[in-house]
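Trainee: My questions all concern the structure below.
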Amino acid sequence: MQSLLRILMQRIKNIIAPNNLILIGTIILQLIVIILLGNILKKTSYLLIDRLFEDDNCGNDRQADQTLNSLLKSLFRYGIYFIGITMGLKIMGIPTFSILAGAGVVGLAVSFGARNLVEDIITGFFILFEGQFGVGDYIKTAGIDGVVKEMDLRVTRIQNFDGDIHIIPNSEIKQVTNYTTADSRVIINIGVSYEENIAEVINILDRYIKELKITGLKSAPQVVGIEEFGDSSIIIRISAWTDPLEKWQVARKLRQKIKEKLDQEKIEIPYPKRVIIKQNN
C-alpha cells in the first residue's frame with residue numbers, strides 16, 4: 001500500500017513539474033483558442049447564410065430557401081466540428097491523420113459504434129436531393145405528424161400541433177406522408193332522419209353548398225350521395241377539395257354552415273334519445 005502511494009506521489013510530482021505545467025498550460029490555452037475560434041466561425045457562417053437567403057433575387061421560393069438554409073448550416077457545423085477535433089487531437093500529440101490513413105474513415109467510424117450516424121447522413125442526403133419534404137411541410141413519419149421545423153444531414157425536427165418538438169434520426173424515416181405537396185380532400189358525413197324526404201334534402205344541400213364562399217376551397221363542394229343506412233339516420237356524404245393544410249379549417253366551417261342550413265329548413269339531425277316511463281303504483 002505504501003509503495004503504491006509513493007508511486008502515485010511521484011507521478012503527481014512529475015506532472016506538476018514546472019516544465020510539464022508550462023506544456024499543459026500551453027495545450028489548454030490552444031484548445032480554448034480553437035473552441036473560441038470555432039464558435040466565432042460557426043456564428044459568422046450562420047449569419048452569412050441567413051443573409052444569403054434574405055436576398056429576394058435568389059429566385060427560389062421561401063420553402064426551398066428554408067430547406068437549403070438548414071442544410072448549409074448543417075454542413076458548416078459538422079465541418080467546423082471535424083476540423084476543430086482534428087486540430088485538438090494534433091495539439092495533444094495524437095496522430096489523427098495516420099490513424100485515418102491506416103484504418104480508413106469508414107472503418108474508423110464503424111469501430112467507434114457510429115454505424116447509425118453513417119446511416120442517418122446517407123438517408124439525409126437522399127431525403128434532401130429527392131425532395132421528399134422540406135422545411136415548412138406538414139408530414140407524418142415514424143409515428144409523428146407535424147410541421148418540419150429544421151432539417152440537416154443527421155436529424156429532422158418536427159413540431160406537432162401541441163408545440164412539442166420531435167427530433168427524429170433520418171435513418172428512422174422509412175415512409176413519409178406529405179400533406180403539403182398536393183390539394184387535400186375533405187369528407188363530411190351528415191346524418192338525416194329517416195322521416196325526411198331524402199331527395200329533397202340532397203337537392204337543398206347541393207344548391208346551398210355550391211354557393212358557399214369559404215377560404216381554402218379549390219372548387220365548390222359536392223353532395224356525393226347516400227353513404228350509409230345508420231341505426232337512426234341516413235348518412236349523406238359531402239366532399240370538397242381544398243388548398244394544402246386547409247382541409248381541417250374548411251371542414252369545420254362546412255359543418256357549421258350545413259348545420260345552420262338544416263336548422264333553417266327544419267330538417268332533423270337525429271341524436272340519441274332516452275324515454276323514461278314512470279308508473280305510479
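Letters for chains follow the order of the C-alpha cells (A, B, ...), residue numbers begin at 1 for each chain, and ligand numbers begin at 1 in the order shown.
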Compile the contact shell of Pro169 in chain A as an mmCIF file with all heavy atoms, in the first residue's frame: residues with an atom at most 9 Å away, counting only C-alpha atoms, same-chain residues fewer than 6 positions apart removed.
Mentor:
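Full text of selection-v1.cif as output:
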data_model
loop_
_atom_site.group_PDB
_atom_site.id
_atom_site.type_symbol
_atom_site.label_atom_id
_atom_site.label_comp_id
_atom_site.auth_asym_id
_atom_site.auth_seq_id
_atom_site.Cartn_x
_atom_site.Cartn_y
_atom_site.Cartn_z
ATOM 1 N N ASN A 116 -24.986 3.986 -36.943
ATOM 2 C CA ASN A 116 -26.250 4.700 -37.077
ATOM 3 C C ASN A 116 -26.036 6.115 -37.599
ATOM 4 O O ASN A 116 -26.861 6.635 -38.351
ATOM 5 C CB ASN A 116 -26.978 4.751 -35.728
ATOM 6 C CG ASN A 116 -27.502 3.394 -35.304
ATOM 7 O OD1 ASN A 116 -27.707 2.517 -36.135
ATOM 8 N ND2 ASN A 116 -27.702 3.226 -34.012
ATOM 9 N N LEU A 117 -24.937 6.730 -37.191
ATOM 10 C CA LEU A 117 -24.631 8.081 -37.664
ATOM 11 C C LEU A 117 -24.433 8.087 -39.174
ATOM 12 O O LEU A 117 -24.943 8.971 -39.878
ATOM 13 C CB LEU A 117 -23.378 8.614 -36.964
ATOM 14 C CG LEU A 117 -22.878 9.981 -37.418
ATOM 15 C CD1 LEU A 117 -23.922 11.052 -37.170
ATOM 16 C CD2 LEU A 117 -21.572 10.339 -36.707
ATOM 17 N N ASP A 120 -27.775 7.730 -40.794
ATOM 18 C CA ASP A 120 -28.532 8.980 -40.726
ATOM 19 C C ASP A 120 -28.101 9.940 -41.823
ATOM 20 O O ASP A 120 -28.935 10.566 -42.491
ATOM 21 C CB ASP A 120 -28.326 9.646 -39.360
ATOM 22 C CG ASP A 120 -28.977 8.865 -38.230
ATOM 23 O OD1 ASP A 120 -29.898 8.080 -38.513
ATOM 24 O OD2 ASP A 120 -28.556 9.047 -37.070
ATOM 25 N N GLY A 124 -30.253 11.182 -44.944
ATOM 26 C CA GLY A 124 -30.476 12.619 -45.054
ATOM 27 C C GLY A 124 -30.173 13.145 -46.440
ATOM 28 O O GLY A 124 -30.905 13.990 -46.977
ATOM 29 N N ARG A 154 -28.295 14.726 -40.267
ATOM 30 C CA ARG A 154 -28.405 13.687 -39.249
ATOM 31 C C ARG A 154 -29.824 13.527 -38.717
ATOM 32 O O ARG A 154 -30.301 12.411 -38.553
ATOM 33 C CB ARG A 154 -27.451 13.986 -38.083
ATOM 34 C CG ARG A 154 -27.264 12.804 -37.142
ATOM 35 C CD ARG A 154 -26.276 13.146 -36.050
ATOM 36 N NE ARG A 154 -26.787 14.167 -35.160
ATOM 37 C CZ ARG A 154 -27.573 13.903 -34.117
ATOM 38 N NH1 ARG A 154 -27.934 12.661 -33.851
ATOM 39 N NH2 ARG A 154 -27.995 14.888 -33.337
ATOM 40 N N VAL A 155 -30.509 14.619 -38.427
ATOM 41 C CA VAL A 155 -31.836 14.533 -37.818
ATOM 42 C C VAL A 155 -32.809 15.485 -38.514
ATOM 43 O O VAL A 155 -32.399 16.417 -39.210
ATOM 44 C CB VAL A 155 -31.798 14.865 -36.304
ATOM 45 C CG1 VAL A 155 -30.933 13.886 -35.549
ATOM 46 C CG2 VAL A 155 -31.321 16.298 -36.077
ATOM 47 N N THR A 156 -34.092 15.222 -38.291
ATOM 48 C CA THR A 156 -35.169 16.109 -38.747
ATOM 49 C C THR A 156 -35.999 16.477 -37.527
ATOM 50 O O THR A 156 -36.375 15.607 -36.739
ATOM 51 C CB THR A 156 -36.051 15.410 -39.798
ATOM 52 O OG1 THR A 156 -35.272 15.130 -40.962
ATOM 53 C CG2 THR A 156 -37.216 16.290 -40.185
ATOM 54 N N ARG A 157 -36.283 17.770 -37.379
ATOM 55 C CA ARG A 157 -37.055 18.264 -36.237
ATOM 56 C C ARG A 157 -38.470 18.604 -36.696
ATOM 57 O O ARG A 157 -38.646 19.410 -37.606
ATOM 58 C CB ARG A 157 -36.382 19.482 -35.610
ATOM 59 C CG ARG A 157 -35.074 19.138 -34.897
ATOM 60 C CD ARG A 157 -34.303 20.372 -34.455
ATOM 61 N NE ARG A 157 -33.139 20.001 -33.649
ATOM 62 C CZ ARG A 157 -31.973 19.624 -34.156
ATOM 63 N NH1 ARG A 157 -31.826 19.573 -35.480
ATOM 64 N NH2 ARG A 157 -30.974 19.281 -33.378
#
Trainee: So which residues of range 45-278 of chain A fall under strand (DSSP E or B) by DSSP, listed as JSON, numbers by chain?
Mentor: {"A": [138, 139, 140, 141, 144, 145, 146, 147, 148, 149, 150, 151, 155, 156, 157, 158, 159, 165, 166, 167, 168, 169, 176, 177, 178, 184, 185, 186, 187, 188, 189, 190, 191, 192, 217, 222, 223, 224, 225, 226, 227, 228, 229, 234, 235, 236, 237, 238, 239, 240, 241, 242]}
Trainee: Neighbouring residues of Lys210 in chain A were defined as those with any atom within 10 Å, considering only C-alpha atoms; residues of the same chain fewer than 2 positions away were excluded. Please report them as a VMD selection string.
Mentor: chain A and resid 205 to 208 212 to 213 219 to 223
Trainee: With a distance cut-off of 9 Å and only C-alpha atoms, select the neighbouring residues of Glu150 in chain A, excluding the residue or stretch itself and same-chain residues fewer than 3 positions from it, and output the selection as an mmCIF file with C-alpha atoms, in the first residue's frame.
Mentor:
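Ended up saving to result05.cif:
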data_model
loop_
_atom_site.group_PDB
_atom_site.id
_atom_site.type_symbol
_atom_site.label_atom_id
_atom_site.label_comp_id
_atom_site.auth_asym_id
_atom_site.auth_seq_id
_atom_site.Cartn_x
_atom_site.Cartn_y
_atom_site.Cartn_z
ATOM 1 C CA GLN A 66 -35.505 27.450 -45.631
ATOM 2 C CA THR A 67 -34.509 23.894 -46.535
ATOM 3 C CA SER A 70 -30.862 24.418 -42.815
ATOM 4 C CA LEU A 71 -28.723 22.110 -44.974
ATOM 5 C CA GLY A 134 -38.821 20.428 -46.909
ATOM 6 C CA VAL A 135 -38.870 22.919 -44.067
ATOM 7 C CA GLY A 136 -42.447 24.126 -43.564
ATOM 8 C CA VAL A 155 -31.836 14.533 -37.818
ATOM 9 C CA THR A 156 -35.169 16.109 -38.747
ATOM 10 C CA ARG A 157 -37.055 18.264 -36.237
ATOM 11 C CA ILE A 158 -40.875 18.138 -36.400
#
Trainee: Please provide as a list in words all residues within 7 Å of Asn189 in chain A, with the sequence filter that same-chain residues fewer than 5 positions apart are discarded (counting only C-alpha atoms).
Mentor: Ile235, Ile236, Arg237 and Ile238 of chain A
Trainee: As a ChimeraX atom specification, please: every residue in range 99-256 of chain A that DSSP puts in alpha helix (DSSP H).
Mentor: /A:99-103,105-111,115-130,198-210,247-256
Trainee: Could you pull the residues within 12 Å of Thr181 in chain A, counting only C-alpha atoms, minus those fewer than 4 positions along the same chain, as a ChimeraX atom specification?
Mentor: /A:63,131-134,136-139,177,243-245
Trainee: Which neighbours of Ser232 in chain A fall inside 12 Å, counting only C-alpha atoms, when residues of the same chain fewer than 4 positions from it are skipped, and could you give them as a PyMOL selection string?
Mentor: chain A and resi 191-195+228+268-273
Trainee: Can you work out the spacing between CA of Gln159 in chain A and CA of Lys73 in chain A in Å, to one decimal?
Mentor: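 Distance reported for this atom pair: 19.6 Å.
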Trainee: Figure out the distance between CA of Ile276 in chain A and CA of Asp263 in chain A, please, to one decimal in Å.
Mentor: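 Separation of CA of Asp263 in chain A and CA of Ile276 in chain A: 26.7 Å.
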